[in-house]
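input-v5.txt (compact mmCIF, C-alpha atoms (C1' of nucleotides)) appears below.
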# COMPACT_ATOMS: atom_id res chain seq x y z
CA MET A 195 87.65 58.52 99.82
CA GLU A 196 89.05 61.91 99.01
CA SER A 197 88.23 64.92 101.09
CA VAL A 198 86.97 67.83 99.03
CA ALA A 199 88.81 70.65 100.75
CA GLN A 200 91.10 70.64 103.72
CA THR A 201 90.67 74.33 104.48
CA ALA A 202 91.77 74.55 108.08
CA GLU A 203 93.86 72.39 110.31
CA GLY A 204 91.19 71.78 112.84
CA THR A 205 92.41 73.76 115.81
CA GLU A 206 90.51 76.94 115.01
CA SER A 207 86.89 77.74 115.63
CA GLY A 208 84.55 78.09 112.66
CA ARG A 209 84.00 77.31 109.03
CA GLY A 210 86.26 74.41 108.10
CA ALA A 211 86.01 71.93 105.23
CA ALA A 212 82.81 70.11 104.31
CA CYS A 213 81.37 70.93 100.94
CA VAL A 214 78.41 68.92 99.70
CA GLN A 215 78.41 65.11 100.08
CA GLY A 216 75.76 64.57 102.69
CA LYS A 217 72.74 65.74 104.57
CA ASP A 218 72.42 69.29 105.81
CA LEU A 219 74.90 72.14 106.17
CA ALA A 220 77.15 71.01 103.41
CA TYR A 221 78.13 74.00 101.29
CA ASN A 222 81.12 76.14 102.12
CA VAL A 223 82.25 79.15 100.13
CA PHE A 224 85.59 79.08 101.87
CA ALA A 225 86.42 75.86 100.09
CA ARG A 226 87.73 76.20 96.58
CA SER A 227 85.49 74.55 94.01
CA CYS A 228 82.40 74.61 96.18
CA PRO A 229 79.48 75.60 93.92
CA SER A 230 78.28 78.13 96.46
CA ARG A 231 81.36 80.20 95.78
CA GLY A 232 80.24 80.73 92.21
CA THR A 233 76.78 81.81 93.24
CA LEU A 234 78.18 84.14 95.86
CA GLU A 235 80.23 85.74 93.13
CA HIS A 236 77.17 86.26 90.99
CA VAL A 237 75.44 87.89 93.93
CA THR A 238 78.30 90.00 95.22
CA GLY A 239 80.02 90.68 91.94
CA ARG A 240 80.45 94.19 90.68
CA TRP A 241 77.29 94.24 88.57
CA GLY A 242 75.39 91.44 90.26
CA SER A 243 75.14 93.28 93.55
CA LEU A 244 74.01 96.50 91.93
CA THR A 245 71.50 94.73 89.71
CA LEU A 246 69.96 92.86 92.61
CA GLY A 247 69.91 96.08 94.58
CA ALA A 248 68.17 97.93 91.77
CA LEU A 249 65.57 95.19 91.35
CA HIS A 250 64.72 95.44 95.00
CA ASP A 251 62.76 98.57 94.14
CA GLY A 252 60.43 96.82 91.73
CA THR A 253 60.02 95.51 88.20
CA PHE A 254 62.06 97.06 85.44
CA ARG A 255 62.68 96.76 81.75
CA PHE A 256 66.15 96.20 80.36
CA ASN A 257 66.95 99.80 79.59
CA GLU A 258 65.38 101.04 82.79
CA LEU A 259 67.77 98.79 84.66
CA ARG A 260 70.64 100.09 82.60
CA ARG A 261 69.88 103.60 83.72
CA ARG A 262 69.48 102.60 87.36
CA VAL A 263 72.76 100.73 87.43
CA ASP A 264 74.82 103.67 86.34
CA GLY A 265 77.76 102.71 84.17
CA VAL A 266 76.83 99.18 83.26
CA SER A 267 77.16 98.28 79.58
CA GLU A 268 74.54 96.39 77.60
CA LYS A 269 76.78 93.40 77.47
CA MET A 270 77.49 93.25 81.17
CA LEU A 271 73.88 93.81 82.18
CA SER A 272 72.72 91.11 79.81
CA GLN A 273 75.33 88.69 81.09
CA THR A 274 74.56 89.52 84.71
CA LEU A 275 70.83 89.08 84.27
CA HIS A 276 71.32 85.72 82.61
CA ALA A 277 73.47 84.48 85.46
CA LEU A 278 71.00 85.68 88.07
CA GLU A 279 68.09 84.21 86.17
CA ARG A 280 69.86 80.89 85.89
CA ASP A 281 70.52 80.87 89.62
CA GLY A 282 66.81 81.41 90.21
CA LEU A 283 67.16 84.90 91.68
CA VAL A 284 65.63 86.92 88.86
CA HIS A 285 62.53 86.28 86.80
CA ARG A 286 62.41 87.36 83.19
CA GLU A 287 59.10 87.92 81.43
CA ALA A 288 59.04 88.73 77.74
CA GLN A 289 55.93 90.10 76.06
CA PRO A 290 55.64 89.05 72.41
CA THR A 291 54.74 92.58 71.36
CA ASN A 292 56.33 94.91 68.91
CA PRO A 293 58.41 96.65 69.92
CA PRO A 294 59.36 93.97 72.43
CA ARG A 295 58.89 94.52 76.14
CA VAL A 296 60.79 92.50 78.70
CA ASP A 297 60.32 92.84 82.43
CA TYR A 298 62.73 91.74 85.10
CA ARG A 299 61.88 91.23 88.73
CA LEU A 300 63.20 89.33 91.71
CA THR A 301 62.00 85.85 92.54
CA PRO A 302 61.07 85.17 96.16
CA LEU A 303 64.54 83.72 96.68
CA GLY A 304 66.12 86.68 94.94
CA ARG A 305 64.19 89.02 97.17
CA GLU A 306 65.59 87.41 100.28
CA VAL A 307 69.07 87.67 98.88
CA SER A 308 68.69 91.30 97.85
CA GLU A 309 67.26 92.12 101.25
CA ARG A 310 70.42 90.92 102.93
CA LEU A 311 72.58 92.50 100.29
CA LEU A 312 70.92 95.86 100.77
CA THR A 313 71.47 95.65 104.49
CA LEU A 314 75.16 95.43 103.71
CA ILE A 315 75.09 98.12 101.04
CA ASP A 316 73.19 100.55 103.22
CA PHE A 317 75.60 99.99 106.07
CA VAL A 318 78.60 100.65 103.89
CA GLU A 319 77.03 103.78 102.43
CA GLY A 320 76.10 104.95 105.89
CA HIS A 321 79.70 104.69 107.08
CA MET A 322 81.59 106.05 104.13
CA ASP A 323 82.74 108.99 106.18
CA ASP A 324 84.48 106.59 108.54
CA VAL A 325 86.03 104.76 105.62
CA LEU A 326 87.26 107.93 103.97
CA GLU A 327 88.69 109.10 107.24
CA ALA A 328 90.47 105.79 107.73
CA ARG A 329 91.97 106.12 104.29
CA GLU A 330 93.36 109.52 105.04
CA ARG A 331 94.96 108.21 108.19
CA TYR A 332 96.37 105.24 106.31
CA ASP A 333 97.72 107.32 103.45
CA GLY A 334 98.94 110.04 105.78
CA THR A 335 101.29 107.79 107.73
CA ARG A 336 102.98 106.70 104.54
CA GLU A 337 103.59 109.53 102.14
CA SER A 338 107.13 109.03 100.89
CA MET B 24 76.83 123.56 88.93
CA GLU B 25 77.13 120.03 87.58
CA SER B 26 75.14 117.21 89.05
CA VAL B 27 77.27 114.24 89.97
CA ALA B 28 75.07 111.45 88.67
CA GLN B 29 71.69 111.50 87.04
CA THR B 30 70.91 107.86 87.71
CA ALA B 31 67.15 107.78 87.44
CA GLU B 32 64.57 109.98 85.84
CA GLY B 33 62.62 110.58 88.97
CA THR B 34 59.42 108.66 88.32
CA GLU B 35 60.50 105.48 90.07
CA SER B 36 60.59 104.73 93.75
CA GLY B 37 63.97 104.31 95.43
CA ARG B 38 67.66 105.03 95.18
CA GLY B 39 68.15 107.83 92.69
CA ALA B 40 71.00 110.27 92.26
CA ALA B 41 72.63 112.13 95.16
CA CYS B 42 76.22 111.27 95.87
CA VAL B 43 78.08 113.32 98.44
CA GLN B 44 77.82 117.15 98.36
CA GLY B 45 75.93 117.80 101.54
CA LYS B 46 74.85 116.68 104.95
CA ASP B 47 73.66 113.20 105.66
CA LEU B 48 72.61 110.31 103.42
CA ALA B 49 74.73 111.34 100.52
CA TYR B 50 76.51 108.26 99.19
CA ASN B 51 75.00 106.08 96.53
CA VAL B 52 76.66 102.99 95.08
CA PHE B 53 74.27 103.03 92.16
CA ALA B 54 75.91 106.18 90.90
CA ARG B 55 79.05 105.71 88.90
CA SER B 56 82.07 107.32 90.52
CA CYS B 57 80.60 107.42 93.99
CA PRO B 58 83.39 106.39 96.39
CA SER B 59 81.08 103.97 98.16
CA ARG B 60 81.08 101.82 95.07
CA GLY B 61 84.79 101.21 95.43
CA THR B 62 84.49 100.25 99.06
CA LEU B 63 81.57 97.97 98.29
CA GLU B 64 83.78 96.23 95.78
CA HIS B 65 86.52 95.74 98.35
CA VAL B 66 83.96 94.24 100.69
CA THR B 67 82.07 92.07 98.24
CA GLY B 68 84.89 91.25 95.89
CA ARG B 69 85.97 87.70 95.32
CA TRP B 70 88.71 87.71 97.93
CA GLY B 71 87.48 90.59 100.06
CA SER B 72 84.29 88.84 101.04
CA LEU B 73 86.04 85.60 101.90
CA THR B 74 88.77 87.38 103.85
CA LEU B 75 86.29 89.36 105.90
CA GLY B 76 84.32 86.20 106.45
CA ALA B 77 87.38 84.32 107.62
CA LEU B 78 88.38 87.11 109.99
CA HIS B 79 84.97 86.97 111.59
CA ASP B 80 86.15 83.86 113.38
CA GLY B 81 89.03 85.60 115.14
CA THR B 82 92.58 86.83 114.79
CA PHE B 83 94.83 85.16 112.27
CA ARG B 84 98.32 85.33 110.91
CA PHE B 85 99.00 85.80 107.22
CA ASN B 86 99.51 82.17 106.39
CA GLU B 87 96.67 81.05 108.60
CA LEU B 88 94.40 83.27 106.56
CA ARG B 89 95.81 81.86 103.38
CA ARG B 90 94.79 78.41 104.44
CA ARG B 91 91.32 79.49 105.55
CA VAL B 92 90.63 81.30 102.31
CA ASP B 93 91.18 78.27 100.16
CA GLY B 94 92.77 79.09 96.84
CA VAL B 95 93.92 82.64 97.47
CA SER B 96 97.45 83.46 96.37
CA GLU B 97 99.97 85.37 98.44
CA LYS B 98 99.67 88.28 96.10
CA MET B 99 95.90 88.51 96.20
CA LEU B 100 95.67 88.06 99.95
CA SER B 101 98.26 90.73 100.51
CA GLN B 102 96.52 93.11 98.17
CA THR B 103 93.13 92.38 99.69
CA LEU B 104 94.34 92.90 103.22
CA HIS B 105 95.92 96.21 102.31
CA ALA B 106 92.70 97.46 100.75
CA LEU B 107 90.65 96.40 103.75
CA GLU B 108 93.15 97.88 106.15
CA ARG B 109 93.12 101.13 104.26
CA ASP B 110 89.34 101.26 104.40
CA GLY B 111 89.53 100.81 108.16
CA LEU B 112 87.94 97.37 108.23
CA VAL B 113 90.97 95.31 109.19
CA HIS B 114 93.64 95.96 111.78
CA ARG B 115 97.18 94.79 111.18
CA GLU B 116 99.56 94.25 114.06
CA ALA B 117 103.17 93.36 113.42
CA GLN B 118 105.44 92.02 116.16
CA PRO B 119 109.08 92.97 115.71
CA THR B 120 110.21 89.44 116.47
CA ASN B 121 112.26 87.02 114.48
CA PRO B 122 110.78 85.24 112.69
CA PRO B 123 108.19 87.96 112.22
CA ARG B 124 104.65 87.53 113.44
CA VAL B 125 101.78 89.56 112.02
CA ASP B 126 98.23 89.34 113.24
CA TYR B 127 95.15 90.45 111.39
CA ARG B 128 91.79 91.10 112.93
CA LEU B 129 88.64 93.02 112.23
CA THR B 130 88.15 96.56 113.48
CA PRO B 131 84.81 97.35 115.12
CA LEU B 132 83.63 98.73 111.79
CA GLY B 133 84.93 95.69 109.97
CA ARG B 134 83.10 93.44 112.38
CA GLU B 135 79.81 95.11 111.61
CA VAL B 136 80.46 94.73 107.92
CA SER B 137 81.47 91.09 108.18
CA GLU B 138 78.43 90.37 110.31
CA ARG B 139 76.13 91.56 107.54
CA LEU B 140 78.24 89.86 104.92
CA LEU B 141 78.05 86.55 106.73
CA THR B 142 74.29 86.86 106.97
CA LEU B 143 74.29 86.98 103.21
CA ILE B 144 76.84 84.22 102.78
CA ASP B 145 75.06 81.89 105.16
CA PHE B 146 71.78 82.47 103.38
CA VAL B 147 73.28 81.68 100.00
CA GLU B 148 74.96 78.56 101.33
CA GLY B 149 71.74 77.50 102.98
CA HIS B 150 69.86 77.72 99.70
CA MET B 151 72.29 76.24 97.26
CA ASP B 152 69.99 73.32 96.64
CA ASP B 153 67.36 75.75 95.38
CA VAL B 154 69.94 77.46 93.21
CA LEU B 155 71.23 74.23 91.74
CA GLU B 156 67.70 73.12 91.06
CA ALA B 157 66.91 76.40 89.33
CA ARG B 158 69.97 75.95 87.16
CA GLU B 159 68.86 72.54 86.04
CA ARG B 160 65.48 73.90 85.09
CA TYR B 161 67.08 76.78 83.24
CA ASP B 162 69.53 74.59 81.39
CA GLY B 163 66.93 71.92 80.75
CA THR B 164 64.57 74.18 78.82
CA ARG B 165 67.35 75.16 76.47
CA GLU B 166 69.48 72.21 75.44
CA SER B 167 70.04 72.68 71.74
C1' DC C 123 107.53 83.65 108.58
C1' DC C 124 105.80 87.67 105.96
C1' DG C 125 105.64 89.50 102.59
C1' DT C 126 107.11 92.47 97.80
C1' DA C 127 108.56 92.54 92.80
C1' DT C 128 108.21 90.82 88.32
C1' DC C 129 106.46 88.60 84.49
C1' DC C 130 102.93 86.52 82.08
C1' DT C 131 98.25 84.51 81.10
C1' DA C 132 93.39 84.55 81.45
C1' DA C 133 89.34 86.72 82.41
C1' DA C 134 86.40 90.82 82.78
C1' DT C 135 84.93 94.76 80.71
C1' DG C 136 84.04 98.46 77.21
C1' DA C 137 83.00 100.13 72.46
C1' DT C 138 80.91 99.37 68.42
C1' DA C 139 78.12 97.33 65.05
C1' DC C 140 74.36 94.69 63.94
C1' DT C 141 69.74 91.73 64.29
C1' DG C 142 64.75 90.37 65.54
C1' DC D 274 63.22 98.06 72.54
C1' DA D 275 66.03 94.26 73.74
C1' DG D 276 69.37 92.29 73.06
C1' DT D 277 73.76 89.33 70.52
C1' DA D 278 78.36 89.31 68.23
C1' DT D 279 82.82 90.79 67.73
C1' DC D 280 86.97 92.99 68.75
C1' DA D 281 90.23 95.86 71.54
C1' DT D 282 91.71 96.85 75.94
C1' DT D 283 92.09 96.81 80.71
C1' DT D 284 92.40 94.46 84.85
C1' DA D 285 92.63 90.52 87.80
C1' DG D 286 95.01 86.71 88.84
C1' DG D 287 98.72 83.03 89.21
C1' DA D 288 103.65 81.50 89.30
C1' DT D 289 107.92 82.34 90.60
C1' DA D 290 111.83 84.45 92.67
C1' DC D 291 113.68 87.17 95.92
C1' DG D 292 114.28 90.15 100.40
C1' DG D 293 113.51 91.76 105.46

Represent the structure from my file as structure tokens, please.
Amino acid sequence: MESVAQTAEGTESGRGAACVQGKDLAYNVFARSCPSRGTLEHVTGRWGSLTLGALHDGTFRFNELRRRVDGVSEKMLSQTLHALERDGLVHREAQPTNPPRVDYRLTPLGREVSERLLTLIDFVEGHMDDVLEARERYDGTRES
Amino acid sequence: MESVAQTAEGTESGRGAACVQGKDLAYNVFARSCPSRGTLEHVTGRWGSLTLGALHDGTFRFNELRRRVDGVSEKMLSQTLHALERDGLVHREAQPTNPPRVDYRLTPLGREVSERLLTLIDFVEGHMDDVLEARERYDGTRES
DNA sequence: CCGTATCCTAAATGATACTG
DNA sequence: CAGTATCATTTAGGATACGG
């Protein structure tokens, strides 16, 4: 009987141990080697978050997405889309035409994720002035 | 007069161009080199997201945090906390005692961010079974 | 206890070329 | 168009040692 992750000592409030094993609330990103941590990284990763955010606006082809996610390379977008498709967040539909046409869109699950992600993104964007101001204060009290 | 980022062509719906310059809604993570992208990465990054999530539960000392964020190294936690402090999301309070005692907690802004982040994290954790199932389907239709 | 400094490895990313 | 393959480079990350 080996416990999967002994995150906290037990005295504190929230989110301790417990990853998988049993019935309900079993996943815990705070525990190393919990599969949910990997998925969270796909979702919140540099390109994953932007790709999910872009797909929130509709259905797009590969190169359309590339333009919407400014700065992403072919390789990274391809890799990101594969990971999100594998996790069941993105649906890929290839038309057997010539030239080929491939459409990407969110699955219902992916839509729920991107909804919550966009809530976060919009909040951050909406408070960038506060962040930039905080940075100036932080940097100001330390110039050597 | 050089436009900062020509993300989309204009035909599509949402989130095109516009980063900074003027009055209100000016930041756009989808544009390369928009400062909000950097902050989003601090917030959603591998250790940033877990650190903000851990701090949602209260005030913690450095090594308490290290235990809560299972697997983080001293170096990464230190770096992460500095970035979050600089962005005005985390407050650091050092007592001049011996041995030293340093407490970390969320700022009001950081709390709002972590709230939205946790909404996302909890959703992902709550649907890991769906994700894992999707992965099996994905992998199943492709075993060479 | 709370870190920083250093060194080193592994992973992520970018650039380029090429295929169906 | 929609990618994959390969290679070069950058960056993140871990281990360790040391200092306030």

Between atom CA of A:Gly239 and atom CA of B:His65, what is the spacing in Å?
10.4 Å

Quick one: pull the distance between atom CA of A:Phe256 and atom CA of A:Asp297, Å, one decimal.
7.0 Å

Which residues of chain C have any atom within 12 Å of an atom in chain A when counting all atoms listed in the file, and what is the closest pair of atoms for each, with the distance in Å to one decimal? Order the rows by chain and rising number and write it as a tab-separated table.
residue	atom	partner	partner_atom	distance
C:DA134	C1'	A:Met270	CA	9.4
C:DT135	C1'	A:Met270	CA	7.6
C:DG136	C1'	A:Ser267	CA	7.3
C:DA137	C1'	A:Ser267	CA	9.4
C:DT138	C1'	A:Glu268	CA	11.6
C:DG142	C1'	A:Pro294	CA	9.5

Return as lines of an AutoDock Vina configuration file the centre and edge lengths, in Å with one decimal, of the box along x, y and z that encloses every atom of stretch 67-71 of chain B in the file, padded by 3 Å per side.
center_x = 85.4
center_y = 89.9
center_z = 97.7
size_x = 12.6
size_y = 10.4
size_z = 10.7

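The space separating atom CA of A:Arg299 from atom CA of A:Gln273 comes to 15.7 Å.
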
Mind running chain D against chain A at 8 Å and telling me each contacting residue's nearest atom pair with the distance in Å (one decimal), counting only C-alpha atoms (C1' of nucleotides), chain and number ascending, as a Markdown table?
| residue | atom | partner | partner_atom | distance |
| --- | --- | --- | --- | --- |
| D:DC274 | C1' | A:Pro294 | CA | 5.6 |
| D:DA275 | C1' | A:Pro294 | CA | 6.8 |
| D:DG276 | C1' | A:Ser272 | CA | 7.6 |

Quick one: write out the picked residues with C-alpha atoms (C1' of nucleotides) as a compact mmCIF listing (two decimals), keeping the file's coordinate frame?
# COMPACT_ATOMS: atom_id res chain seq x y z
C1' DC D 274 63.22 98.06 72.54
C1' DA D 275 66.03 94.26 73.74
C1' DG D 276 69.37 92.29 73.06

Please superimpose chain A upon chain B, fitting all C-alpha atoms matched one to one in order, and report the result as a short mmCIF file (atom, residue, chain, number, x, y, z; two decimals) with C-alpha atoms, in the coordinates of the input.
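Below is the file that was written, superposed.cif:
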data_model
loop_
_atom_site.label_atom_id
_atom_site.label_comp_id
_atom_site.auth_asym_id
_atom_site.auth_seq_id
_atom_site.Cartn_x
_atom_site.Cartn_y
_atom_site.Cartn_z
CA MET A 195 76.39 123.51 89.17
CA GLU A 196 76.81 120.06 87.72
CA SER A 197 74.87 117.14 89.04
CA VAL A 198 77.08 114.19 89.93
CA ALA A 199 74.95 111.39 88.56
CA GLN A 200 71.57 111.43 86.93
CA THR A 201 70.83 107.78 87.61
CA ALA A 202 67.07 107.64 87.29
CA GLU A 203 64.51 109.81 85.65
CA GLY A 204 62.60 110.56 88.76
CA THR A 205 59.40 108.64 88.24
CA GLU A 206 60.50 105.48 90.02
CA SER A 207 60.62 104.78 93.71
CA GLY A 208 64.01 104.39 95.39
CA ARG A 209 67.69 105.08 95.16
CA GLY A 210 68.20 107.90 92.68
CA ALA A 211 71.12 110.30 92.26
CA ALA A 212 72.72 112.16 95.15
CA CYS A 213 76.30 111.27 95.88
CA VAL A 214 78.17 113.31 98.47
CA GLN A 215 77.89 117.13 98.44
CA GLY A 216 75.90 117.80 101.56
CA LYS A 217 74.66 116.76 104.93
CA ASP A 218 73.43 113.25 105.60
CA LEU A 219 72.50 110.36 103.33
CA ALA A 220 74.76 111.36 100.52
CA TYR A 221 76.56 108.29 99.21
CA ASN A 222 75.07 106.11 96.51
CA VAL A 223 76.71 103.02 95.08
CA PHE A 224 74.32 103.06 92.17
CA ALA A 225 75.96 106.21 90.90
CA ARG A 226 79.12 105.74 88.91
CA SER A 227 82.13 107.37 90.52
CA CYS A 228 80.65 107.44 93.99
CA PRO A 229 83.44 106.45 96.41
CA SER A 230 81.15 104.02 98.18
CA ARG A 231 81.13 101.86 95.08
CA GLY A 232 84.84 101.25 95.45
CA THR A 233 84.52 100.28 99.08
CA LEU A 234 81.61 98.00 98.31
CA GLU A 235 83.82 96.27 95.79
CA HIS A 236 86.53 95.76 98.35
CA VAL A 237 83.98 94.25 100.70
CA THR A 238 82.07 92.12 98.22
CA GLY A 239 84.91 91.31 95.88
CA ARG A 240 85.97 87.75 95.30
CA TRP A 241 88.69 87.71 97.95
CA GLY A 242 87.49 90.60 100.08
CA SER A 243 84.28 88.86 101.06
CA LEU A 244 86.03 85.62 101.92
CA THR A 245 88.76 87.38 103.86
CA LEU A 246 86.29 89.37 105.92
CA GLY A 247 84.30 86.21 106.46
CA ALA A 248 87.36 84.31 107.64
CA LEU A 249 88.38 87.10 110.02
CA HIS A 250 84.98 86.97 111.61
CA ASP A 251 86.15 83.86 113.43
CA GLY A 252 89.03 85.59 115.17
CA THR A 253 92.60 86.81 114.80
CA PHE A 254 94.84 85.13 112.28
CA ARG A 255 98.33 85.31 110.90
CA PHE A 256 98.98 85.76 107.20
CA ASN A 257 99.48 82.12 106.36
CA GLU A 258 96.65 81.01 108.59
CA LEU A 259 94.38 83.26 106.58
CA ARG A 260 95.76 81.84 103.38
CA ARG A 261 94.74 78.38 104.45
CA ARG A 262 91.29 79.49 105.57
CA VAL A 263 90.59 81.29 102.33
CA ASP A 264 91.15 78.28 100.17
CA GLY A 265 92.69 79.11 96.82
CA VAL A 266 93.86 82.63 97.44
CA SER A 267 97.41 83.41 96.33
CA GLU A 268 99.93 85.30 98.43
CA LYS A 269 99.67 88.24 96.13
CA MET A 270 95.90 88.48 96.20
CA LEU A 271 95.65 88.03 99.95
CA SER A 272 98.28 90.68 100.52
CA GLN A 273 96.54 93.08 98.17
CA THR A 274 93.14 92.37 99.69
CA LEU A 275 94.36 92.88 103.24
CA HIS A 276 95.96 96.18 102.32
CA ALA A 277 92.75 97.46 100.78
CA LEU A 278 90.68 96.39 103.77
CA GLU A 279 93.18 97.86 106.18
CA ARG A 280 93.17 101.14 104.30
CA ASP A 281 89.38 101.25 104.42
CA GLY A 282 89.56 100.81 108.19
CA LEU A 283 87.97 97.36 108.25
CA VAL A 284 91.00 95.29 109.22
CA HIS A 285 93.67 95.94 111.80
CA ARG A 286 97.20 94.75 111.20
CA GLU A 287 99.59 94.22 114.09
CA ALA A 288 103.20 93.30 113.41
CA GLN A 289 105.45 91.95 116.14
CA PRO A 290 109.11 92.90 115.64
CA THR A 291 110.24 89.36 116.40
CA ASN A 292 112.25 86.93 114.40
CA PRO A 293 110.79 85.17 112.63
CA PRO A 294 108.20 87.90 112.14
CA ARG A 295 104.65 87.47 113.38
CA VAL A 296 101.80 89.52 112.00
CA ASP A 297 98.25 89.30 113.24
CA TYR A 298 95.16 90.43 111.41
CA ARG A 299 91.80 91.06 112.97
CA LEU A 300 88.66 93.02 112.25
CA THR A 301 88.18 96.54 113.50
CA PRO A 302 84.85 97.35 115.14
CA LEU A 303 83.65 98.74 111.81
CA GLY A 304 84.96 95.69 109.99
CA ARG A 305 83.12 93.46 112.40
CA GLU A 306 79.83 95.13 111.63
CA VAL A 307 80.47 94.75 107.94
CA SER A 308 81.47 91.11 108.20
CA GLU A 309 78.42 90.42 110.33
CA ARG A 310 76.15 91.60 107.55
CA LEU A 311 78.24 89.89 104.94
CA LEU A 312 78.04 86.58 106.75
CA THR A 313 74.29 86.89 106.98
CA LEU A 314 74.29 87.01 103.20
CA ILE A 315 76.85 84.24 102.79
CA ASP A 316 75.06 81.92 105.17
CA PHE A 317 71.79 82.51 103.38
CA VAL A 318 73.28 81.72 100.02
CA GLU A 319 74.96 78.58 101.34
CA GLY A 320 71.74 77.54 102.99
CA HIS A 321 69.83 77.75 99.71
CA MET A 322 72.29 76.27 97.29
CA ASP A 323 69.98 73.36 96.67
CA ASP A 324 67.37 75.79 95.39
CA VAL A 325 69.95 77.50 93.22
CA LEU A 326 71.23 74.26 91.76
CA GLU A 327 67.71 73.15 91.07
CA ALA A 328 66.94 76.44 89.34
CA ARG A 329 69.98 75.97 87.17
CA GLU A 330 68.88 72.57 86.06
CA ARG A 331 65.50 73.93 85.11
CA TYR A 332 67.11 76.82 83.26
CA ASP A 333 69.58 74.62 81.41
CA GLY A 334 66.99 71.95 80.77
CA THR A 335 64.64 74.20 78.82
CA ARG A 336 67.44 75.16 76.47
CA GLU A 337 69.59 72.25 75.46
CA SER A 338 70.09 72.63 71.72
#

With 8 Å as the limit and counting only C-alpha atoms, what residues in chain B lie close to chain A? Please list them as a ChimeraX atom specification.
/B:30-31,36-39,48,50-55,58-59,62-64,67-69,73,77,80,90-94,109-111,136,139-140,142-144,146-149,151,153-155,157-158,161-162

Within 12 Å of (97.3, 84.4, 78.9) (coordinates as in the file), grab all the protein and nucleic acid residues, counting all atoms listed in the file, and write them out as a PyMOL selection string.
(chain C and resi 129-133) or (chain D and resi 285-287)

Residues near C:DT128, anyone? I mean within 12 Å using all atoms listed in the file, not counting same-chain ones fewer than 6 positions away, as a JSON list (two decimals) with C-alpha atoms (C1' of nucleotides), keeping the file's coordinate frame.
[["chain", "number", "residue", "atom", "x", "y", "z"],
["B", 98, "LYS", "CA", 99.67, 88.28, 96.10],
["D", 288, "DA", "C1'", 103.65, 81.50, 89.30],
["D", 289, "DT", "C1'", 107.92, 82.34, 90.60],
["D", 290, "DA", "C1'", 111.83, 84.45, 92.67],
["D", 291, "DC", "C1'", 113.68, 87.17, 95.92]]

Can you take the partial stretch 94-107 of chain B, add N, CA and C atoms, and return it as a JSON list (two decimals), in the coordinates of the input?
[["chain", "number", "residue", "atom", "x", "y", "z"],
["B", 94, "GLY", "N", 92.55, 78.74, 98.23],
["B", 94, "GLY", "CA", 92.77, 79.09, 96.84],
["B", 94, "GLY", "C", 93.33, 80.48, 96.61],
["B", 95, "VAL", "N", 93.39, 81.29, 97.64],
["B", 95, "VAL", "CA", 93.92, 82.64, 97.47],
["B", 95, "VAL", "C", 95.45, 82.58, 97.37],
["B", 96, "SER", "N", 96.00, 83.41, 96.49],
["B", 96, "SER", "CA", 97.45, 83.46, 96.37],
["B", 96, "SER", "C", 98.02, 84.48, 97.34],
["B", 97, "GLU", "N", 99.33, 84.39, 97.56],
["B", 97, "GLU", "CA", 99.97, 85.37, 98.44],
["B", 97, "GLU", "C", 99.68, 86.78, 97.96],
["B", 98, "LYS", "N", 99.83, 86.95, 96.66],
["B", 98, "LYS", "CA", 99.67, 88.28, 96.10],
["B", 98, "LYS", "C", 98.28, 88.84, 96.34],
["B", 99, "MET", "N", 97.28, 88.04, 96.06],
["B", 99, "MET", "CA", 95.90, 88.51, 96.20],
["B", 99, "MET", "C", 95.53, 88.74, 97.65],
["B", 100, "LEU", "N", 96.00, 87.87, 98.54],
["B", 100, "LEU", "CA", 95.67, 88.06, 99.95],
["B", 100, "LEU", "C", 96.31, 89.34, 100.46],
["B", 101, "SER", "N", 97.56, 89.53, 100.09],
["B", 101, "SER", "CA", 98.26, 90.73, 100.51],
["B", 101, "SER", "C", 97.54, 91.98, 100.03],
["B", 102, "GLN", "N", 97.20, 91.97, 98.76],
["B", 102, "GLN", "CA", 96.52, 93.11, 98.17],
["B", 102, "GLN", "C", 95.17, 93.36, 98.84],
["B", 103, "THR", "N", 94.44, 92.28, 99.06],
["B", 103, "THR", "CA", 93.13, 92.38, 99.69],
["B", 103, "THR", "C", 93.23, 92.94, 101.10],
["B", 104, "LEU", "N", 94.19, 92.43, 101.85],
["B", 104, "LEU", "CA", 94.34, 92.90, 103.22],
["B", 104, "LEU", "C", 94.72, 94.38, 103.27],
["B", 105, "HIS", "N", 95.55, 94.80, 102.35],
["B", 105, "HIS", "CA", 95.92, 96.21, 102.31],
["B", 105, "HIS", "C", 94.70, 97.08, 102.05],
["B", 106, "ALA", "N", 93.89, 96.67, 101.08],
["B", 106, "ALA", "CA", 92.70, 97.46, 100.75],
["B", 106, "ALA", "C", 91.76, 97.55, 101.95],
["B", 107, "LEU", "N", 91.58, 96.42, 102.62],
["B", 107, "LEU", "CA", 90.65, 96.40, 103.75],
["B", 107, "LEU", "C", 91.22, 97.17, 104.94]]
